[in-house]
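Undergrad: Input file: input.txt. Contents: compact mmCIF, C-alpha atoms and all ligand atoms.
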# COMPACT_ATOMS: atom_id res chain seq x y z
CA MET A 1 15.42 146.42 189.77
CA PRO A 2 15.18 144.94 193.22
CA ASP A 3 14.16 141.38 193.79
CA ASN A 4 10.83 140.98 195.43
CA GLU A 5 9.46 143.96 193.57
CA ILE A 6 5.78 143.59 192.81
CA ILE A 7 5.64 143.18 189.06
CA LEU A 8 1.93 142.49 188.63
CA GLU A 9 -0.96 143.61 190.76
CA ILE A 10 -4.65 142.81 190.46
CA LYS A 11 -7.37 144.97 191.98
CA ASN A 12 -11.10 144.21 192.09
CA LEU A 13 -10.88 142.06 189.01
CA SER A 14 -13.98 140.32 187.77
CA LYS A 15 -15.12 138.58 184.63
CA VAL A 16 -18.73 137.92 183.80
CA TYR A 17 -19.78 135.74 180.88
CA ASP A 18 -23.26 134.26 181.34
CA LYS A 19 -22.43 134.45 185.00
CA GLU A 20 -19.55 135.71 187.07
CA VAL A 21 -16.66 133.28 186.60
CA LEU A 22 -13.88 135.24 188.27
CA LYS A 23 -13.73 137.65 191.16
CA ILE A 24 -10.41 138.58 192.71
CA GLU A 25 -10.20 141.51 195.05
CA GLN A 26 -6.49 141.80 195.40
CA LEU A 27 -3.52 139.75 194.29
CA SER A 28 0.10 140.58 193.67
CA PHE A 29 2.98 138.78 192.04
CA ARG A 30 6.63 139.38 192.78
CA ARG A 31 9.43 139.43 190.26
CA GLY A 32 11.42 136.27 189.77
CA ARG A 33 9.08 133.87 191.48
CA ILE A 34 7.13 130.85 190.28
CA TYR A 35 3.43 130.86 191.11
CA GLY A 36 1.16 127.87 190.74
CA ILE A 37 -2.55 128.37 190.19
CA ILE A 38 -4.48 125.26 191.07
CA GLY A 39 -8.16 124.53 191.19
CA PRO A 40 -10.87 122.33 189.73
CA SER A 41 -12.05 122.47 186.14
CA GLY A 42 -14.07 125.61 185.54
CA ALA A 43 -12.53 127.46 188.49
CA GLY A 44 -11.48 130.35 186.23
CA LYS A 45 -7.79 129.56 185.88
CA SER A 46 -7.54 130.01 182.10
CA THR A 47 -9.82 133.04 182.26
CA PHE A 48 -7.47 134.63 184.77
CA LEU A 49 -4.47 134.09 182.49
CA ARG A 50 -6.34 135.50 179.48
CA LEU A 51 -7.17 138.67 181.40
CA VAL A 52 -3.59 139.09 182.59
CA ASN A 53 -2.32 138.58 179.05
CA LEU A 54 -4.78 141.23 177.74
CA LEU A 55 -6.54 138.80 175.47
CA GLU A 56 -9.89 139.80 176.90
CA PRO A 57 -11.03 142.83 178.88
CA PRO A 58 -12.09 142.31 182.48
CA THR A 59 -15.69 143.16 183.36
CA THR A 60 -14.45 145.24 186.27
CA GLY A 61 -11.13 145.99 187.85
CA ASP A 62 -7.57 146.79 186.94
CA ILE A 63 -4.32 145.03 186.33
CA TYR A 64 -1.12 146.90 187.04
CA PHE A 65 2.12 145.87 185.39
CA LYS A 66 5.13 147.43 187.10
CA GLY A 67 2.80 149.92 188.72
CA GLU A 68 1.07 151.04 185.52
CA ALA A 69 -2.56 150.21 184.85
CA MET A 70 -2.82 148.18 181.68
CA SER A 71 -5.54 148.36 179.12
CA MET A 72 -6.17 146.33 176.03
CA ASN A 73 -5.99 149.33 173.78
CA GLY A 74 -3.32 151.83 173.02
CA ARG A 75 0.03 152.24 174.63
CA ALA A 76 -0.97 151.12 178.08
CA GLY A 77 -0.66 147.52 176.93
CA THR A 78 2.67 147.85 175.17
CA PRO A 79 5.15 147.00 177.94
CA VAL A 80 3.27 143.92 178.91
CA ARG A 81 2.98 142.74 175.32
CA ARG A 82 6.70 143.13 174.93
CA GLU A 83 7.64 141.36 178.13
CA MET A 84 4.95 138.78 178.72
CA THR A 85 4.07 135.68 176.81
CA MET A 86 1.58 132.90 177.27
CA VAL A 87 1.52 129.24 176.38
CA PHE A 88 -2.07 128.10 175.87
CA GLN A 89 -3.79 125.02 177.13
CA LYS A 90 -4.43 124.09 173.48
CA PRO A 91 -1.52 125.55 171.56
CA LEU A 92 -1.84 126.63 167.97
CA LEU A 93 1.29 126.39 165.89
CA PHE A 94 2.08 128.22 162.69
CA LYS A 95 1.78 126.15 159.54
CA THR A 96 5.50 125.92 159.01
CA SER A 97 8.33 123.77 160.30
CA VAL A 98 9.07 123.17 163.96
CA SER A 99 12.21 125.30 163.85
CA GLU A 100 10.41 128.14 162.04
CA ASN A 101 7.84 128.11 164.81
CA VAL A 102 10.49 128.43 167.48
CA ALA A 103 12.34 131.11 165.48
CA TYR A 104 9.24 133.23 164.94
CA GLY A 105 9.50 135.61 167.90
CA LEU A 106 13.24 135.97 167.42
CA LYS A 107 12.82 136.99 163.79
CA ALA A 108 10.13 139.48 164.73
CA ARG A 109 12.55 140.97 167.24
CA ARG A 110 15.34 141.07 164.65
CA PHE A 111 17.78 138.74 166.35
CA SER A 112 20.76 137.84 164.15
CA LYS A 113 20.63 134.69 162.01
CA GLU A 114 23.36 133.05 164.08
CA GLU A 115 21.66 133.86 167.36
CA ILE A 116 18.35 132.52 166.06
CA LYS A 117 19.97 129.31 164.89
CA ALA A 118 21.75 128.81 168.20
CA ARG A 119 18.69 129.50 170.32
CA VAL A 120 16.40 127.30 168.24
CA GLU A 121 18.85 124.40 168.45
CA THR A 122 19.38 124.75 172.18
CA LEU A 123 15.68 124.97 172.91
CA LEU A 124 14.67 122.06 170.70
CA GLU A 125 17.30 120.01 172.47
CA LYS A 126 15.92 121.09 175.86
CA VAL A 127 12.36 120.12 174.99
CA GLY A 128 13.51 116.83 173.48
CA LEU A 129 12.58 117.62 169.88
CA LYS A 130 15.92 118.05 168.14
CA GLU A 131 15.13 115.38 165.59
CA LEU A 132 11.90 117.10 164.60
CA ALA A 133 13.40 120.50 163.70
CA GLY A 134 12.50 120.20 160.03
CA ARG A 135 9.11 118.59 160.51
CA TYR A 136 5.92 120.38 159.40
CA ALA A 137 4.25 121.48 162.63
CA GLY A 138 0.83 120.24 161.48
CA THR A 139 1.97 116.64 161.77
CA LEU A 140 3.01 116.74 165.43
CA SER A 141 1.33 114.85 168.23
CA GLY A 142 -0.42 116.85 170.96
CA GLY A 143 2.51 116.50 173.34
CA GLU A 144 5.07 117.43 170.69
CA ALA A 145 3.05 120.49 169.71
CA GLN A 146 2.84 121.54 173.34
CA ARG A 147 6.60 121.36 173.68
CA VAL A 148 7.13 123.35 170.48
CA ALA A 149 4.72 126.00 171.77
CA LEU A 150 6.71 126.30 174.98
CA ALA A 151 10.02 126.54 173.11
CA ARG A 152 8.52 129.21 170.84
CA ALA A 153 7.22 131.20 173.79
CA VAL A 154 10.45 131.28 175.75
CA ALA A 155 12.88 131.74 172.83
CA PHE A 156 13.08 135.51 173.26
CA GLU A 157 13.37 135.13 177.03
CA PRO A 158 10.34 137.09 178.16
CA ALA A 159 10.48 138.51 181.65
CA PHE A 160 7.08 137.10 182.43
CA LEU A 161 5.72 133.73 181.37
CA LEU A 162 2.14 132.49 181.68
CA LEU A 163 1.68 128.74 181.33
CA ASP A 164 -1.71 127.08 181.03
CA GLU A 165 -1.38 123.38 181.83
CA PRO A 166 2.05 123.16 180.22
CA THR A 167 2.40 119.41 180.61
CA ALA A 168 -1.20 118.24 180.28
CA ASN A 169 -0.50 116.14 177.18
CA LEU A 170 2.90 114.78 178.16
CA ASP A 171 4.18 111.46 179.41
CA PRO A 172 6.26 111.35 182.63
CA SER A 173 9.69 111.63 180.99
CA ASN A 174 8.61 114.69 179.02
CA VAL A 175 6.94 116.17 182.08
CA GLU A 176 10.28 115.97 183.81
CA LEU A 177 12.03 117.62 180.86
CA ILE A 178 9.57 120.50 180.77
CA GLU A 179 9.58 121.00 184.52
CA ARG A 180 13.36 121.22 184.42
CA LEU A 181 13.18 123.82 181.63
CA ILE A 182 10.69 125.90 183.62
CA LEU A 183 12.88 125.78 186.72
CA ASP A 184 16.00 126.66 184.69
CA LEU A 185 14.30 129.66 183.07
CA ASN A 186 13.34 130.92 186.47
CA ARG A 187 16.72 130.33 188.08
CA ASP A 188 19.01 131.35 185.20
CA LYS A 189 16.99 134.12 183.55
CA GLY A 190 15.04 135.32 186.55
CA MET A 191 11.80 134.76 184.67
CA THR A 192 8.60 135.35 186.63
CA ILE A 193 6.25 132.47 185.93
CA ILE A 194 2.57 131.85 186.57
CA MET A 195 1.70 128.24 185.91
CA VAL A 196 -1.84 126.96 185.88
CA THR A 197 -2.05 123.26 186.59
CA HIS A 198 -4.57 120.63 187.54
CA ASN A 199 -1.71 118.62 188.83
CA ILE A 200 -1.22 119.29 192.50
CA PHE A 201 2.02 117.31 192.58
CA GLN A 202 3.42 119.46 189.81
CA ALA A 203 2.45 122.63 191.66
CA ARG A 204 4.20 121.29 194.72
CA ARG A 205 7.36 120.39 192.78
CA ILE A 206 7.70 123.67 190.92
CA ALA A 207 5.85 126.58 192.46
CA GLN A 208 7.16 128.70 195.29
CA GLU A 209 3.72 130.09 195.98
CA VAL A 210 0.35 128.55 195.29
CA ILE A 211 -3.04 130.13 194.69
CA PHE A 212 -6.06 127.88 195.05
CA LEU A 213 -8.97 129.06 192.91
CA HIS A 214 -12.44 127.66 193.33
CA GLU A 215 -15.56 128.93 191.58
CA GLY A 216 -13.72 132.02 190.45
CA ARG A 217 -12.44 133.05 193.86
CA ILE A 218 -9.22 132.68 195.75
CA VAL A 219 -9.86 130.27 198.56
CA GLU A 220 -6.34 130.31 199.87
CA MET A 221 -2.85 131.30 198.82
CA GLY A 222 0.61 131.24 200.25
CA ASP A 223 3.95 129.46 200.31
CA THR A 224 3.66 126.14 198.55
CA GLU A 225 4.69 124.04 201.53
CA LYS A 226 2.25 125.82 203.76
CA ILE A 227 -0.65 125.32 201.36
CA PHE A 228 0.12 121.64 200.98
CA SER A 229 1.14 120.79 204.52
CA PHE A 230 -1.04 123.14 206.55
CA PRO A 231 -4.02 124.20 204.45
CA GLU A 232 -6.40 126.35 206.46
CA ASP A 233 -9.58 126.15 204.43
CA PRO A 234 -11.36 122.78 204.34
CA ARG A 235 -11.82 123.11 200.56
CA THR A 236 -8.06 123.56 200.12
CA ARG A 237 -7.46 120.54 202.30
CA ASP A 238 -9.86 118.46 200.21
CA PHE A 239 -8.25 119.60 197.00
CA VAL A 240 -4.62 119.08 197.95
CA GLU A 241 -5.42 115.73 199.49
CA GLY A 242 -7.17 114.64 196.30
CA ARG A 243 -10.67 114.42 197.74
CA MET A 244 -12.24 117.21 195.75
CA ILE A 245 -13.52 115.93 192.45
CA TYR A 246 -11.94 117.61 189.44
N1 LIG B 301 -15.95 132.74 176.33
C1 LIG B 301 -16.70 132.22 177.30
N2 LIG B 301 -18.03 132.35 177.29
C2 LIG B 301 -18.82 131.84 178.28
N3 LIG B 301 -18.33 131.17 179.33
C3 LIG B 301 -16.99 131.01 179.40
C4 LIG B 301 -16.11 131.51 178.38
N4 LIG B 301 -14.84 131.19 178.73
C5 LIG B 301 -14.93 130.52 179.88
N5 LIG B 301 -16.22 130.40 180.29
C6 LIG B 301 -16.68 129.74 181.51
O1 LIG B 301 -15.97 130.31 182.59
C7 LIG B 301 -15.69 129.32 183.57
C8 LIG B 301 -14.19 129.31 183.85
O2 LIG B 301 -13.53 128.79 182.69
P1 LIG B 301 -11.97 128.58 182.63
O3 LIG B 301 -11.66 128.11 181.25
O4 LIG B 301 -11.29 129.81 183.11
O5 LIG B 301 -11.76 127.40 183.69
P2 LIG B 301 -10.44 126.61 184.07
O6 LIG B 301 -10.23 126.77 185.53
O7 LIG B 301 -9.33 127.00 183.17
O8 LIG B 301 -10.89 125.09 183.78
P3 LIG B 301 -10.04 123.85 183.16
O9 LIG B 301 -9.24 123.32 184.33
O10 LIG B 301 -11.11 122.90 182.75
O11 LIG B 301 -9.21 124.34 182.05
C9 LIG B 301 -16.23 128.02 183.03
O12 LIG B 301 -17.48 127.79 183.61
C10 LIG B 301 -16.37 128.28 181.54
O13 LIG B 301 -17.40 127.51 180.97
MG MG B 302 -8.28 126.01 181.72
Would you mind writing the file's structure down as structure tokens?
TA:
Amino acid sequence: MPDNEIILEIKNLSKVYDKEVLKIEQLSFRRGRIYGIIGPSGAGKSTFLRLVNLLEPPTTGDIYFKGEAMSMNGRAGTPVRREMTMVFQKPLLFKTSVSENVAYGLKARRFSKEEIKARVETLLEKVGLKELAGRYAGTLSGGEAQRVALARAVAFEPAFLLLDEPTANLDPSNVELIERLILDLNRDKGMTIIMVTHNIFQARRIAQEVIFLHEGRIVEMGDTEKIFSFPEDPRTRDFVEGRMIY
């Protein structure tokens, strides 16, 4: 399939809980790119990812994956479930060992034993957790659990990866490790990635395009350098220059 193909398209999407927390008229994502979603706490970033990942139904609107409208029920959600995976802001691990966690999706997809072993080892090395392979996942620190969750999510090499604050609990050396893994997955596997982050510096380092969400709406979006160097909206300027409280 051609590069630059629109892989995900959003039309008239909204989500109402007690009040409307998300309203996006139109938004499209191209294959093989890294998108950063930034915005203050409560802006609707996690809600957006949950809707895209079909964890919750939108109140209005449609999401198209490769041109097909998705729904939470029936076959319309199947392609996306097969090709998309999400790493949550607060990851939940299975109550088994670290390596069993990472192997889970590979076993479900019937990869061979050798392939599973090789992938689990490589990934644990990449996220800096080789020594913890046999450890019971329930005993991990927050940052270790977050790295296991990422390794588990990418083990089967999904085409589309949704990351919700993937480095929120990590120290600088682990942030660097994880950022490198994200960039490698994009470059080597062509993975399309949407990364939600509070961290404007991280968005600038990693994303090719940035979407600034505020109070459930897109204030501004575009090439990362443009958003950071020449923001048009005063709210974007305040946010990227660190003046907006979040
Ligand atoms: N299940 C729910 N029921 C009611 N309100 C909800 C629910 N989930 C989210 N909200 C509200 O929707 C708004 C957006 O929440 P969301 O978690 O998407 O924000 P966020 O941008 O991810 O924030 P943060 O940076 O703090 O993670 C918030 O005001 C939140 O309280
Ligand atoms: Mg969130």
Undergrad: If you count all atoms listed in the file, which residues end up within 8 Å of ligand LIG 301 (chain B), as a count of residues only?
TA: 25
Undergrad: Would you pick out the contacts of segment 100-108 of chain A at 10 Å or less, using only C-alpha atoms, so that residues sharing its chain but fewer than 3 positions from it are not included, and give the list as a PDB file with C-alpha atoms, in the coordinates of the input?
TA:
ATOM      1  CA  LEU A  93       1.290 126.390 165.890  1.00  0.00           C
ATOM      2  CA  PHE A  94       2.080 128.220 162.690  1.00  0.00           C
ATOM      3  CA  LYS A  95       1.780 126.150 159.540  1.00  0.00           C
ATOM      4  CA  THR A  96       5.500 125.920 159.010  1.00  0.00           C
ATOM      5  CA  SER A  97       8.330 123.770 160.300  1.00  0.00           C
ATOM      6  CA  PHE A 111      17.780 138.740 166.350  1.00  0.00           C
ATOM      7  CA  SER A 112      20.760 137.840 164.150  1.00  0.00           C
ATOM      8  CA  LYS A 113      20.630 134.690 162.010  1.00  0.00           C
ATOM      9  CA  GLU A 115      21.660 133.860 167.360  1.00  0.00           C
ATOM     10  CA  ILE A 116      18.350 132.520 166.060  1.00  0.00           C
ATOM     11  CA  LYS A 117      19.970 129.310 164.890  1.00  0.00           C
ATOM     12  CA  ARG A 119      18.690 129.500 170.320  1.00  0.00           C
ATOM     13  CA  VAL A 120      16.400 127.300 168.240  1.00  0.00           C
ATOM     14  CA  GLU A 121      18.850 124.400 168.450  1.00  0.00           C
ATOM     15  CA  LEU A 123      15.680 124.970 172.910  1.00  0.00           C
ATOM     16  CA  LEU A 124      14.670 122.060 170.700  1.00  0.00           C
ATOM     17  CA  ALA A 133      13.400 120.500 163.700  1.00  0.00           C
ATOM     18  CA  GLY A 134      12.500 120.200 160.030  1.00  0.00           C
ATOM     19  CA  ARG A 135       9.110 118.590 160.510  1.00  0.00           C
ATOM     20  CA  TYR A 136       5.920 120.380 159.400  1.00  0.00           C
ATOM     21  CA  ALA A 137       4.250 121.480 162.630  1.00  0.00           C
ATOM     22  CA  VAL A 148       7.130 123.350 170.480  1.00  0.00           C
ATOM     23  CA  ALA A 149       4.720 126.000 171.770  1.00  0.00           C
ATOM     24  CA  LEU A 150       6.710 126.300 174.980  1.00  0.00           C
ATOM     25  CA  ALA A 151      10.020 126.540 173.110  1.00  0.00           C
ATOM     26  CA  ARG A 152       8.520 129.210 170.840  1.00  0.00           C
ATOM     27  CA  ALA A 153       7.220 131.200 173.790  1.00  0.00           C
ATOM     28  CA  VAL A 154      10.450 131.280 175.750  1.00  0.00           C
ATOM     29  CA  ALA A 155      12.880 131.740 172.830  1.00  0.00           C
ATOM     30  CA  PHE A 156      13.080 135.510 173.260  1.00  0.00           C
ATOM     31  CA  GLU A 157      13.370 135.130 177.030  1.00  0.00           C
TER      32      GLU A 157
END
Undergrad: Extract, using all atoms listed in the file, all DNA, RNA and protein residues at most 10 Å from Gln202 of chain A, discarding same-chain residues fewer than 2 positions from it, and format them as a PyMOL selection string.
TA: chain A and resi 36+38+167+175-176+179+195-200+204-207
Undergrad: Quick one: residues within 8 Å of (2.9, 138.1, 176.9) (file frame), counting only C-alpha atoms, please, as an MDAnalysis selection string.
TA: chainID A and resid 53 80:86 158 160:162
Undergrad: Report, in Å with one decimal, the straight-line distance from atom CA of Pro166 of chain A to atom CA of Arg50 of chain A.
TA: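 That distance, rounded to one decimal, is 14.9 Å.
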Undergrad: When you draw a straight line from atom CA of Lys15 of chain A to atom CA of Thr59 of chain A, how long is it in Å?
TA: 4.8 Å
Undergrad: Measuring between all atoms listed in the file, which one of A:Leu8, A:Ile211, A:Ala118, A:Leu163 shows the shortest distance to Leu49 of chain A?
TA: A:Leu163
Undergrad: Enter the distance from atom CA of Ser28 of chain A to atom CA of Phe230 of chain A, in Å, rounded to one decimal.
TA: 21.7 Å
Undergrad: Rank A:Ile37, A:Val52, A:Leu92, A:Ala159 by their smallest atom-to-atom distance to ligand MG 302 (chain B), using all atoms listed in the file, and report the top residue only.
TA: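 Of A:Ile37, A:Val52, A:Leu92, A:Ala159, the one nearest ligand MG 302 (chain B) is A:Ile37, counting all atoms listed in the file.
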Undergrad: In terms of the shortest atom-to-atom distance over all atoms listed in the file, which of A:Asp188, A:Tyr64, A:Ile24, A:Lys90 is closest to ligand MG 302 (chain B)?
TA: A:Lys90
